[in-house]
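Structure, as structure tokens:
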Protein chains: 2
Amino acid sequence: MLKKVLLGSLGAALVLTAGILLGHFGIQRGSTAPDWVMDHLSHDRSLVPMCLSRELTKVPHMATSPGDEQTVQYMLKRWQDPDTGLDQAWREEYKVYLSFPDPNTPNKVTVVSPSDAVLYTAREKEKAYSSDQEDPEVVQPYAAYAPAGHPKGRLVYANQGKPSDYFLLNQTLNLTGTVAITRYGGEGRAGKAINAAPYGVIGVLVYTDPWDINDGKMSDNNETYPYSWYMPPSGVERGSFNTHYGDMLTPYLAAKDDTYRIPEKNITGIPPIPTQPIGFEDAYALICELGGEPAPSEWQGAFNCTYNFGGPGFKPTSNFNNSDVKLDIYNREELKNSANVMGVIRGSVEPDRYVIYGNHRDSWVHGAIDPSSGTSVMLEVTRVLGRMVKQGKWRPRRSIIFGSWGAEEFGLIGSTEYTEEYYSKLSERSVAYINVDIACLIAFLQVKTPGSDSSSVYDNWIRYFNRTSPAYGVIPNVGFLTGAGSDYAAFIHFLGITSMDISYTYDRTKTRARIYPAYHTAYDTFDYASKFIDPGFTSHQTVARTAGNVLMRLADSLLLPFNCSDYAETLEGYLSKAMELNTVLEYPVPAPISEPLQTAVRNFRSAAARLDHALSILRPLKVRRINDQLMLLDRAFLDPVAFPDRYGYRHVIWASSKAGQATFPGLADAYTRAASTGLDNDWKEAHRQLSILIQAIQGAAHTLGDTI
Amino acid sequence: MLKKVLLGSLGAALVLTAGILLGHFGIQRGSTAPDWVMDHLSHDRSLVPMCLSRELTKVPHMATSPGDEQTVQYMLKRWQDPDTGLDQAWREEYKVYLSFPDPNTPNKVTVVSPSDAVLYTAREKEKAYSSDQEDPEVVQPYAAYAPAGHPKGRLVYANQGKPSDYFLLNQTLNLTGTVAITRYGGEGRAGKAINAAPYGVIGVLVYTDPWDINDGKMSDNNETYPYSWYMPPSGVERGSFNTHYGDMLTPYLAAKDDTYRIPEKNITGIPPIPTQPIGFEDAYALICELGGEPAPSEWQGAFNCTYNFGGPGFKPTSNFNNSDVKLDIYNREELKNSANVMGVIRGSVEPDRYVIYGNHRDSWVHGAIDPSSGTSVMLEVTRVLGRMVKQGKWRPRRSIIFGSWGAEEFGLIGSTEYTEEYYSKLSERSVAYINVDIACLIAFLQVKTPGSDSSSVYDNWIRYFNRTSPAYGVIPNVGFLTGAGSDYAAFIHFLGITSMDISYTYDRTKTRARIYPAYHTAYDTFDYASKFIDPGFTSHQTVARTAGNVLMRLADSLLLPFNCSDYAETLEGYLSKAMELNTVLEYPVPAPISEPLQTAVRNFRSAAARLDHALSILRPLKVRRINDQLMLLDRAFLDPVAFPDRYGYRHVIWASSKAGQATFPGLADAYTRAASTGLDNDWKEAHRQLSILIQAIQGAAHTLGDTI
């Protein structure tokens with residue numbers, strides 16, 4: 001999981017791209033749907049709680065990783081079970097480009113004196129304090145796709161490794177030949193090394209500052225796990241250090257045995273220099289010894305010392321004075337098989353319309369929460385639905401495809417290869433994609449679990465994570481899927497399939513923990529999850545019920561439960577933010593060039609309103625036509641040439657943006673760049689992005705339009 | 001019209017991408033369709049001849065071009081007529097980049113002596129020998145998009161201006177500073193100058209050799225028009241000298257007022273040096289005086305002299321000895337408004353499915369045949385159908401969109417901007433595109449016109465242009481739409497909409513005339529057309545009936561009249577041609593890498609066969625689903641990254657190919673290149689093309705597949 005944006009509440013947080021807001025956990029649409037549609041929905045409403053609540057008494061948890069092939073076999077067995085399995089289940093094999101540490105020669109970080117005497121060695125692995133680990137040997141921490149090498153140089157502290165961080169540092173110091181230590185956050189993993197290299201930095205360390213993940217807690221007695229949910233000092237966050245998603249050797253092509261592979265040297269977006277993650281106990285030992293000037297206040301973390309830039313190197317008073325930091329990195333890349341496990345419930349009326357539900361299967365170490373909380377929810381949903389199908393009690397109107405993706409942690413590879421291989425069919429027929437990988441993060445901050453509480457998910461949601469809509473007043477808030485945080489990326493950004501990511505998370509006002517403390521460390525165990533994340537697994541049940549409910553509604557509703565007026569509201573929000581940020585160009589003509597953009601957004605709103613009206617006078621024969629309009633709405637925002645340098649990003653509304661503002665991403669980024677450089681070519685690109693955007697929004701309005 | 005491939009017969013030649021072969025002018029599908037479908041088709045069959053044959057007594061001909069705006073108004077009036085018009089008609093405006101000669105300072109080609117004395121001046125304009133020209137002043141001949149300039153240099157003869165022609169010429173002569181004279185054919189218009197520039201050539205002349213267009217006839221007495229259909233010596237073929245189609249300043253964006261435009265200097269694919277077309281009377285005066293060695297026999301044309309390479313320059317014995325040829329070109333580019341006229345008949349049952357019928361409206365001079373023969377056919381079809389609609393007698397099942405495109409002659413601009421502006425809607429909803437621009441070319445070679453003959457179009461077609469199919473035996477042949485010859489280009493190559501181009505043409509065994517002799521000259525007049533091309537306009541009637549029949553069948557058939565097994569036959573033909581040409585790579589592994597390609601083609605065939613079977617047991621509820629599979633079949637072959645350097649080419653089966661073989665275009669071109677250079681990178685590209693192809697064919701098979 002590369003999740004960049006995680007919006008939370010002490011309720012259920014849904015991160016999705018189109019308002020799926022019908023039904024009892026969302027917003028009542030009032031009288032806009034005719035009676036026969038509401039009848040059908042009422043049927044849904046009674047069905048879902050009936051079947052899910054009785055079944056989900058306990059969600060079994062796959063707390064350990066008994067090797068990927070064993071998990072594949074386990075899932076196939078579950079999905080092929082004659083009593084509770086699906087109509088069909090199979091595996092899809094790909095040969096993908098992965099990066100591993102050397103199991104025999106661990107990566108090392110040492111402080112060496114001028115005579116190469118070892119003064120300090122970073123610990124090589126974590127101990128997972130879990131009582132029931134089948135595999136107590138933890139996988140070495142490493143930065144996947146960072147090159148092997150043995151750089152040695154003076155240490156500097158570079159904050160989050162953003163371009164602006166290195167720029168500032170370089171104004172004080174000569175960075176050539178240095179090793180930079182950076183903290184997680186603020187910049188993608190690979191970026192910390194990619195941004196460093198142009199300044200002559202030869203190696204990068206990354207750690208998680210207790211400020212960012214532990215709310216400042218860092219002593220190793222009763223403050224951290226196993227005494228609380230906070231990460232122990234030895235915990236090291238692993239991760240894939242790449243910028244693009246999918247198999248890097250086969251962009252836009254499924255990675256079959258015979259598929260063309262680009263030369264490794266043509267891979268972009270990975271660290272050009274050796275890089276290694278370490279725990280904060282090691283980071284503490286290094287950073288608090290650094291010399292040089294004090295770093296700015298916003299660079300300071302939770303350590304009980306002043307974070308200095310580095311001389312470069314350590315203080316004259318330090319034992320490490322005049323010493324270098326040396327990285328010994330033995331990572332190597334390998335082509336390896338990776339499987340997706342696929343399962344299907346065939347639709348009864350519209351088998352050629354798909355609702356896809358997916359989660360990845362691989363984890364960095366034990367992965368009790370990421371991804372097994374999501375996998376166990378998926379298994380439970382398939383077990384419940386599968387049994388109804390096998391007993392002949394129910395069959396959805398549309399087909400449901402379940403996907404257990406491989407190699408997500410290496411860059412969403414399994415799901416991306418799947419979308420590449422089945423590009424045309426999925427584009428033509430998919431109604432929606434639902435992703436559940438980190439099912440629940442209720443953690444110790446929970447007040448009442450949904451299971452022991454009479455308040456609904458809807459009540460919790462609207463209480464802890466709401467917004468005020470011009471149309472509806474106060475409603476549950478829904479985040480935007482703008483990045484490539486999990487396996488939804490290829491579905492929404494590459495294929496333009498309406499997608500959602502469901503997780504139950506904590507109240508952001510009570511902690512500033514980035515994701516959850518044990519994220520991507522060896523401490524993400526069954527013990528950790530059952531003690532601190534979801535005692536009794538009641539939140540798992542809630543997520544399973546919510547996801548199952550959404551899934552069945554998407555698969556069963558005669559009319560797709562999409563509300564395109566909510567899309568119009570988002571576009572209007574984007575537009576006013578764009579105006580506010582002054583990103584609406586006055587170039588190359590002084591006339592208000594924002595007018596065509598405003599017109600496009602207005603046209604979209606009118607088309608959405610007309611479609612709403614059409615729904616109110618809907619006759620059954622038109623259902624498929626209107627459902628197609630809704631299904632294809634996100635596709636209309638795709639432009640394959642909008643972002644030529646960014647693999648798989650084609651959606652001009654949901655693409656991630658450096659500007660980090662809720663507005664049109666391509667336009668905002670291009671404008672920001674042009675405003676900073678003032679270059680004519682950059683202004684041209686901003687104008688190009690504006691034209692692309694207008695055409696896409698107009699095109700989407702056409703998609704919503706009645707007929708011709 | 002940039003038509004590169006024109007397949008003909010003394011029958012009707014259809015150039016299309018998917019077999020539209022149902023009904024009485026095509027192949028009976030036998031018993032594969034159930035009774036209720038055949039009933040519906042029988043209804044079609046009786047309807048079409050009834051309404052079209054009675055109405056089409058005479059096709060009025062728009063022989064002259066009374067200015068484009070007047071034509072726009074005329075068409076709008078016809079399509080908005082309360083008794084015979086369409087449901088709706090409107091204009092769509094674009095601002096596009098065009099190239100014109102200077103009306104006040106005509107382009108000039110002169111032979112000048114060393115003292116700059118004028119020895120010979122090419123005539124500046126043709127006289128159109130037409131009795132009823134409203135505008136006897138003809139538009140100057142010029143090469144649209146060739147730059148202005150005044151190059152002066154020794155003349156050389158460069159055959160067709162292909163890369164191999166200049167390569168050969170350069171082995172004999174130093175081409176630096178020369179002016180090259182080339183003949184039409186064998187190479188795109190712009191290519192003749194683009195290929196010349198790297199050798200230091202500073203100007204290019206282009207003419208039509210009587211060998212290529214006139215079957216060798218060239219004396220100006222009774223051999224040529226007005227005494228025959230052959231082009232007079234003064235005739236000059238105009239044309240757009242560009243390689244990419246669509247408005248060149250707004251690739252992938254509709255050319256609205258505010259749209260981003262690339263800098264003019266970034267335009268590629270146009271002549272880098274001044275270029276000018278001349279008539280063969282001028283070419284004769286120049287070529288027969290050239291000195292130097294005799295050109296090879298395949299470079300010789302119909303002039304009664306030996307075509308020499310040039311010294312460079314003229315023979316010592318010539319009056320032009322030691323003289324240069326000088327071009328004075330005053331072309332200039334302008335942003336101009338160009339309109340498409342659009343009209344619609346709304347569908348009764350599936351208004352959100354479109355059959356599009358189009359032709360361009362602009363011509364180089366009078367354009368009696370190109371495009372007015374096609375326009376008059378379209379107007380007649382809309383008049384007949386419009387009256388039926390207005391009288392309440394008939395309304396098609398699906399919507400029909402008619403498009404009268406502007407600025408086709410400058411590079412298919414009107415139709416391309418339309419596909420860009422309505423990209424998503426057209427992709428989602430279009431069933432097929434029909435193009436009729438040069439309706440009829442029956443010419444003096446006709447034996448019997450269809451009107452005075454009892455034999456059907458089908459009979460003529462199968463007699464003069466047939467092939468032997470493994471499945472059906474001898475059947476009418478259908479060409480491939482692989483190039484960008486007319487307005488179908490953006491529909492098939494950019495949008496992947498099944499397209500056809502209909503024209504009635506002459507027997508290729510009786511003439512080797514490229515297109516037709518008056519093509520793009522001032523002699524393409526009503527007089528010429530009515531005397532030599534289609535006396536009595538009976539062929540126009542035949543084309544109108546055929547096009548109307550196809551149109552109504554596409555718009556009305558419950559089941560779309562596409563036969564995807566014919567597509568499989570084409571892919572199998574492509575495959576065996578690829579094997580034969582040895583274009584199936586043995587790189588980078590020695591194992592037979594052709595196997596995945598063979599598997600993909602086999603999978604497509606099986607999926608097509610299964611769909612055929614599904615048709616035989618079809619139930620009405622499944623019709624829309626199967627129609628969608630058929631409609632989206634061509635879309636499944638699109639790959640936006642397959643040909644990154646070629647604007648608008650995304651269809652991996654129908655893209656044009658330099659190899660000129662009936663096989664997979666991307667693979668064939670990449671292989672040819674790799675085989676000639678032997679470069680590692682070129683072999684890699686060949687492998688990439690192979691992988692793209694396999695994935696696309698597999699994807700298309702998935703599209704034809706039943707459900708999941």
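Residues in the structure tokens are named by chain (A, B, ... in the order shown) and by number from 1 within that chain; ligands are numbered from 1 in the order shown.
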
Item to check | Distance filter 6 Å, only C-alpha atoms, chain A against chain B, as a ChimeraX atom specification | outcome: /A:259-260,351-352,424-425,636,687-688,691,699,703,707

Next on the checklist: Just list as an NGL selection string whatever in stretch 257-472 of chain A DSSP marks as helix (DSSP H, G or I).
Outcome noted: :A and (264-266 or 280-287 or 297-299 or 372-390 or 413-421 or 423-429 or 443-445 or 450-452 or 457-464)

Next on the checklist: Show me, as an MDAnalysis selection string, the residues that have an atom within 9 Å of stretch 608-610 of chain A when counting only C-alpha atoms, minus same-chain residues fewer than 2 positions from it.
Outcome noted: chainID A and resid 563:568 603:606 612:615 701 704:706

Given the selection you just returned, output its residues as a file containing C-alpha atoms, formatted as a PDB file, in the first residue's frame.
ATOM      1  CA  ASN A 563     -25.519  10.583  -8.434  1.00  0.00           C
ATOM      2  CA  CYS A 564     -23.940  12.663 -11.139  1.00  0.00           C
ATOM      3  CA  SER A 565     -25.120  15.950  -9.633  1.00  0.00           C
ATOM      4  CA  ASP A 566     -22.583  15.287  -6.875  1.00  0.00           C
ATOM      5  CA  TYR A 567     -19.951  15.130  -9.593  1.00  0.00           C
ATOM      6  CA  ALA A 568     -21.138  18.545 -10.777  1.00  0.00           C
ATOM      7  CA  ASN A 603     -22.920  22.586 -19.235  1.00  0.00           C
ATOM      8  CA  PHE A 604     -21.973  19.615 -17.108  1.00  0.00           C
ATOM      9  CA  ARG A 605     -24.286  20.808 -14.332  1.00  0.00           C
ATOM     10  CA  SER A 606     -27.178  21.269 -16.771  1.00  0.00           C
ATOM     11  CA  ASP A 612     -31.789  13.706 -12.839  1.00  0.00           C
ATOM     12  CA  HIS A 613     -35.045  14.785 -14.405  1.00  0.00           C
ATOM     13  CA  ALA A 614     -34.922  11.860 -16.835  1.00  0.00           C
ATOM     14  CA  LEU A 615     -34.593   9.542 -13.831  1.00  0.00           C
ATOM     15  CA  ALA A 701     -21.497  16.702 -20.253  1.00  0.00           C
ATOM     16  CA  LEU A 704     -24.702  12.752 -19.596  1.00  0.00           C
ATOM     17  CA  GLY A 705     -26.703  14.376 -22.369  1.00  0.00           C
ATOM     18  CA  ASP A 706     -29.881  12.745 -23.525  1.00  0.00           C
TER      19      ASP A 706
END

Checklist outcome for this item: What separates atom CA of B:Tyr506 and atom CA of B:Tyr464 is a distance of 9.5 Å

Please provide as a PDB file with N, CA, C and O atoms, in the first residue's frame all residues within 6 Å of stretch 154-161 of chain A, with the sequence filter that same-chain residues fewer than 4 positions apart are discarded (counting only C-alpha atoms).
ATOM      1  N   ASP A 165      13.520  21.198   0.224  1.00  0.00           N
ATOM      2  CA  ASP A 165      14.413  20.882   1.347  1.00  0.00           C
ATOM      3  C   ASP A 165      15.871  20.856   0.883  1.00  0.00           C
ATOM      4  O   ASP A 165      16.750  21.444   1.525  1.00  0.00           O
ATOM      5  N   THR A 178      27.834  13.840   0.005  1.00  0.00           N
ATOM      6  CA  THR A 178      27.231  13.599   1.318  1.00  0.00           C
ATOM      7  C   THR A 178      26.209  12.461   1.270  1.00  0.00           C
ATOM      8  O   THR A 178      25.758  12.048   0.207  1.00  0.00           O
ATOM      9  N   VAL A 179      25.851  11.967   2.470  1.00  0.00           N
ATOM     10  CA  VAL A 179      24.726  11.043   2.647  1.00  0.00           C
ATOM     11  C   VAL A 179      23.640  11.825   3.374  1.00  0.00           C
ATOM     12  O   VAL A 179      23.929  12.481   4.382  1.00  0.00           O
ATOM     13  N   ALA A 180      22.416  11.798   2.855  1.00  0.00           N
ATOM     14  CA  ALA A 180      21.329  12.578   3.461  1.00  0.00           C
ATOM     15  C   ALA A 180      20.415  11.668   4.260  1.00  0.00           C
ATOM     16  O   ALA A 180      20.046  10.589   3.796  1.00  0.00           O
ATOM     17  N   ILE A 181      20.076  12.106   5.467  1.00  0.00           N
ATOM     18  CA  ILE A 181      19.048  11.375   6.211  1.00  0.00           C
ATOM     19  C   ILE A 181      17.760  12.186   6.135  1.00  0.00           C
ATOM     20  O   ILE A 181      17.749  13.411   6.317  1.00  0.00           O
ATOM     21  N   THR A 182      16.669  11.502   5.765  1.00  0.00           N
ATOM     22  CA  THR A 182      15.377  12.173   5.550  1.00  0.00           C
ATOM     23  C   THR A 182      14.313  11.434   6.352  1.00  0.00           C
ATOM     24  O   THR A 182      14.497  10.286   6.728  1.00  0.00           O
ATOM     25  N   ARG A 183      13.203  12.113   6.566  1.00  0.00           N
ATOM     26  CA  ARG A 183      12.099  11.441   7.271  1.00  0.00           C
ATOM     27  C   ARG A 183      10.938  11.211   6.308  1.00  0.00           C
ATOM     28  O   ARG A 183      10.756  11.940   5.334  1.00  0.00           O
ATOM     29  N   GLY A 186       5.572  13.973   3.260  1.00  0.00           N
ATOM     30  CA  GLY A 186       5.796  15.199   2.492  1.00  0.00           C
ATOM     31  C   GLY A 186       6.265  15.006   1.069  1.00  0.00           C
ATOM     32  O   GLY A 186       6.235  15.936   0.263  1.00  0.00           O
ATOM     33  N   LYS A 192      12.689  11.208  -2.451  1.00  0.00           N
ATOM     34  CA  LYS A 192      13.717  11.635  -1.490  1.00  0.00           C
ATOM     35  C   LYS A 192      15.127  11.406  -2.050  1.00  0.00           C
ATOM     36  O   LYS A 192      16.057  12.163  -1.752  1.00  0.00           O
ATOM     37  N   TRP A 299      11.521  21.820  10.427  1.00  0.00           N
ATOM     38  CA  TRP A 299      12.278  20.594  10.178  1.00  0.00           C
ATOM     39  C   TRP A 299      12.468  19.775  11.463  1.00  0.00           C
ATOM     40  O   TRP A 299      12.930  18.649  11.427  1.00  0.00           O
ATOM     41  N   PHE A 309      21.620  20.823  10.498  1.00  0.00           N
ATOM     42  CA  PHE A 309      21.802  20.476   9.083  1.00  0.00           C
ATOM     43  C   PHE A 309      22.878  19.407   8.882  1.00  0.00           C
ATOM     44  O   PHE A 309      22.848  18.644   7.924  1.00  0.00           O
ATOM     45  N   GLY A 310      23.879  19.390   9.833  1.00  0.00           N
ATOM     46  CA  GLY A 310      25.114  18.626   9.559  1.00  0.00           C
ATOM     47  C   GLY A 310      26.160  19.596   9.056  1.00  0.00           C
ATOM     48  O   GLY A 310      25.834  20.573   8.362  1.00  0.00           O
ATOM     49  N   PRO A 312      28.887  19.622   6.761  1.00  0.00           N
ATOM     50  CA  PRO A 312      28.298  18.295   6.842  1.00  0.00           C
ATOM     51  C   PRO A 312      29.073  17.391   7.808  1.00  0.00           C
ATOM     52  O   PRO A 312      30.268  17.594   8.018  1.00  0.00           O
ATOM     53  N   GLY A 313      28.338  16.392   8.349  1.00  0.00           N
ATOM     54  CA  GLY A 313      28.922  15.461   9.290  1.00  0.00           C
ATOM     55  C   GLY A 313      28.563  15.833  10.713  1.00  0.00           C
ATOM     56  O   GLY A 313      27.691  16.684  10.957  1.00  0.00           O
ATOM     57  N   ASP A 324      32.393   9.309   8.643  1.00  0.00           N
ATOM     58  CA  ASP A 324      31.441   9.189   7.539  1.00  0.00           C
ATOM     59  C   ASP A 324      30.333   8.221   7.925  1.00  0.00           C
ATOM     60  O   ASP A 324      30.506   7.383   8.820  1.00  0.00           O
TER      61      ASP A 324
END

Residues within 9 Å of stretch 329-335 of chain A, only C-alpha atoms, excluding chain neighbours under 5 positions, as a tab-separated table (two decimals) with N, CA, C and O atoms, in the first residue's frame:
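Produced file out26.tsv, reproduced below:
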chain	number	residue	atom	x	y	z
A	95	LYS	N	4.71	-12.32	-15.05
A	95	LYS	CA	6.13	-12.36	-14.69
A	95	LYS	C	6.60	-10.92	-14.53
A	95	LYS	O	6.68	-10.19	-15.51
A	96	VAL	N	6.86	-10.54	-13.29
A	96	VAL	CA	7.03	-9.11	-13.00
A	96	VAL	C	8.39	-8.82	-12.38
A	96	VAL	O	9.08	-9.69	-11.86
A	97	TYR	N	8.74	-7.56	-12.46
A	97	TYR	CA	10.07	-7.08	-12.08
A	97	TYR	C	10.02	-6.63	-10.63
A	97	TYR	O	9.40	-5.62	-10.29
A	98	LEU	N	10.68	-7.39	-9.74
A	98	LEU	CA	10.64	-7.09	-8.31
A	98	LEU	C	12.05	-6.82	-7.80
A	98	LEU	O	13.03	-7.10	-8.48
A	99	SER	N	12.15	-6.29	-6.61
A	99	SER	CA	13.44	-5.94	-6.01
A	99	SER	C	13.49	-6.53	-4.61
A	99	SER	O	12.51	-6.44	-3.86
A	100	PHE	N	14.60	-7.19	-4.29
A	100	PHE	CA	14.73	-7.84	-2.98
A	100	PHE	C	16.09	-7.54	-2.38
A	100	PHE	O	17.07	-7.35	-3.09
A	101	PRO	N	16.17	-7.59	-1.04
A	101	PRO	CA	17.48	-7.54	-0.40
A	101	PRO	C	18.13	-8.92	-0.53
A	101	PRO	O	17.46	-9.89	-0.88
A	102	ASP	N	19.39	-8.99	-0.27
A	102	ASP	CA	20.10	-10.27	-0.32
A	102	ASP	C	19.88	-10.98	1.03
A	102	ASP	O	20.29	-10.46	2.06
A	105	THR	N	23.36	-11.54	2.76
A	105	THR	CA	24.21	-10.40	3.13
A	105	THR	C	23.31	-9.22	3.41
A	105	THR	O	22.93	-8.47	2.50
A	106	PRO	N	22.95	-9.02	4.68
A	106	PRO	CA	22.00	-7.95	5.01
A	106	PRO	C	22.56	-6.58	4.66
A	106	PRO	O	23.78	-6.35	4.76
A	107	ASN	N	21.67	-5.69	4.24
A	107	ASN	CA	22.05	-4.29	4.06
A	107	ASN	C	22.53	-3.73	5.40
A	107	ASN	O	22.03	-4.12	6.45
A	108	LYS	N	23.51	-2.82	5.35
A	108	LYS	CA	24.09	-2.30	6.59
A	108	LYS	C	24.25	-0.79	6.50
A	108	LYS	O	24.54	-0.24	5.45
A	109	VAL	N	24.07	-0.14	7.66
A	109	VAL	CA	24.37	1.30	7.78
A	109	VAL	C	25.34	1.44	8.95
A	109	VAL	O	25.01	1.02	10.07
A	142	TYR	N	14.29	-2.79	3.71
A	142	TYR	CA	15.03	-2.29	2.55
A	142	TYR	C	14.13	-1.37	1.75
A	142	TYR	O	12.92	-1.30	1.99
A	143	ALA	N	14.74	-0.67	0.84
A	143	ALA	CA	14.01	0.24	-0.06
A	143	ALA	C	13.94	-0.45	-1.42
A	143	ALA	O	14.94	-0.49	-2.15
A	144	ALA	N	12.76	-1.01	-1.75
A	144	ALA	CA	12.65	-1.76	-3.00
A	144	ALA	C	12.95	-0.85	-4.19
A	144	ALA	O	12.46	0.27	-4.26
A	145	TYR	N	13.75	-1.36	-5.12
A	145	TYR	CA	14.18	-0.68	-6.36
A	145	TYR	C	15.29	0.34	-6.15
A	145	TYR	O	15.77	0.94	-7.13
A	146	ALA	N	15.75	0.54	-4.88
A	146	ALA	CA	16.96	1.35	-4.69
A	146	ALA	C	18.15	0.52	-5.12
A	146	ALA	O	18.20	-0.69	-4.87
A	147	PRO	N	19.12	1.12	-5.81
A	147	PRO	CA	20.24	0.33	-6.35
A	147	PRO	C	21.19	-0.15	-5.25
A	147	PRO	O	21.27	0.45	-4.18
A	148	ALA	N	21.90	-1.22	-5.56
A	148	ALA	CA	22.98	-1.68	-4.68
A	148	ALA	C	24.13	-0.68	-4.76
A	148	ALA	O	24.25	0.08	-5.73
A	149	GLY	N	24.99	-0.69	-3.73
A	149	GLY	CA	26.13	0.22	-3.75
A	149	GLY	C	26.66	0.44	-2.36
A	149	GLY	O	26.05	0.00	-1.38
A	150	HIS	N	27.80	1.11	-2.27
A	150	HIS	CA	28.48	1.27	-0.98
A	150	HIS	C	28.93	2.71	-0.79
A	150	HIS	O	30.11	2.98	-0.54
A	151	PRO	N	28.02	3.66	-0.87
A	151	PRO	CA	28.43	5.07	-0.73
A	151	PRO	C	28.87	5.36	0.72
A	151	PRO	O	28.35	4.79	1.67
A	274	PRO	N	21.96	4.63	-3.81
A	274	PRO	CA	21.57	3.71	-2.74
A	274	PRO	C	20.76	4.41	-1.65
A	274	PRO	O	21.08	5.54	-1.27
A	275	THR	N	19.75	3.72	-1.17
A	275	THR	CA	18.80	4.29	-0.23
A	275	THR	C	18.41	3.19	0.75
A	275	THR	O	18.31	2.03	0.36
A	276	GLN	N	18.21	3.56	2.01
A	276	GLN	CA	17.90	2.54	3.01
A	276	GLN	C	17.01	3.12	4.10
A	276	GLN	O	17.29	4.20	4.62
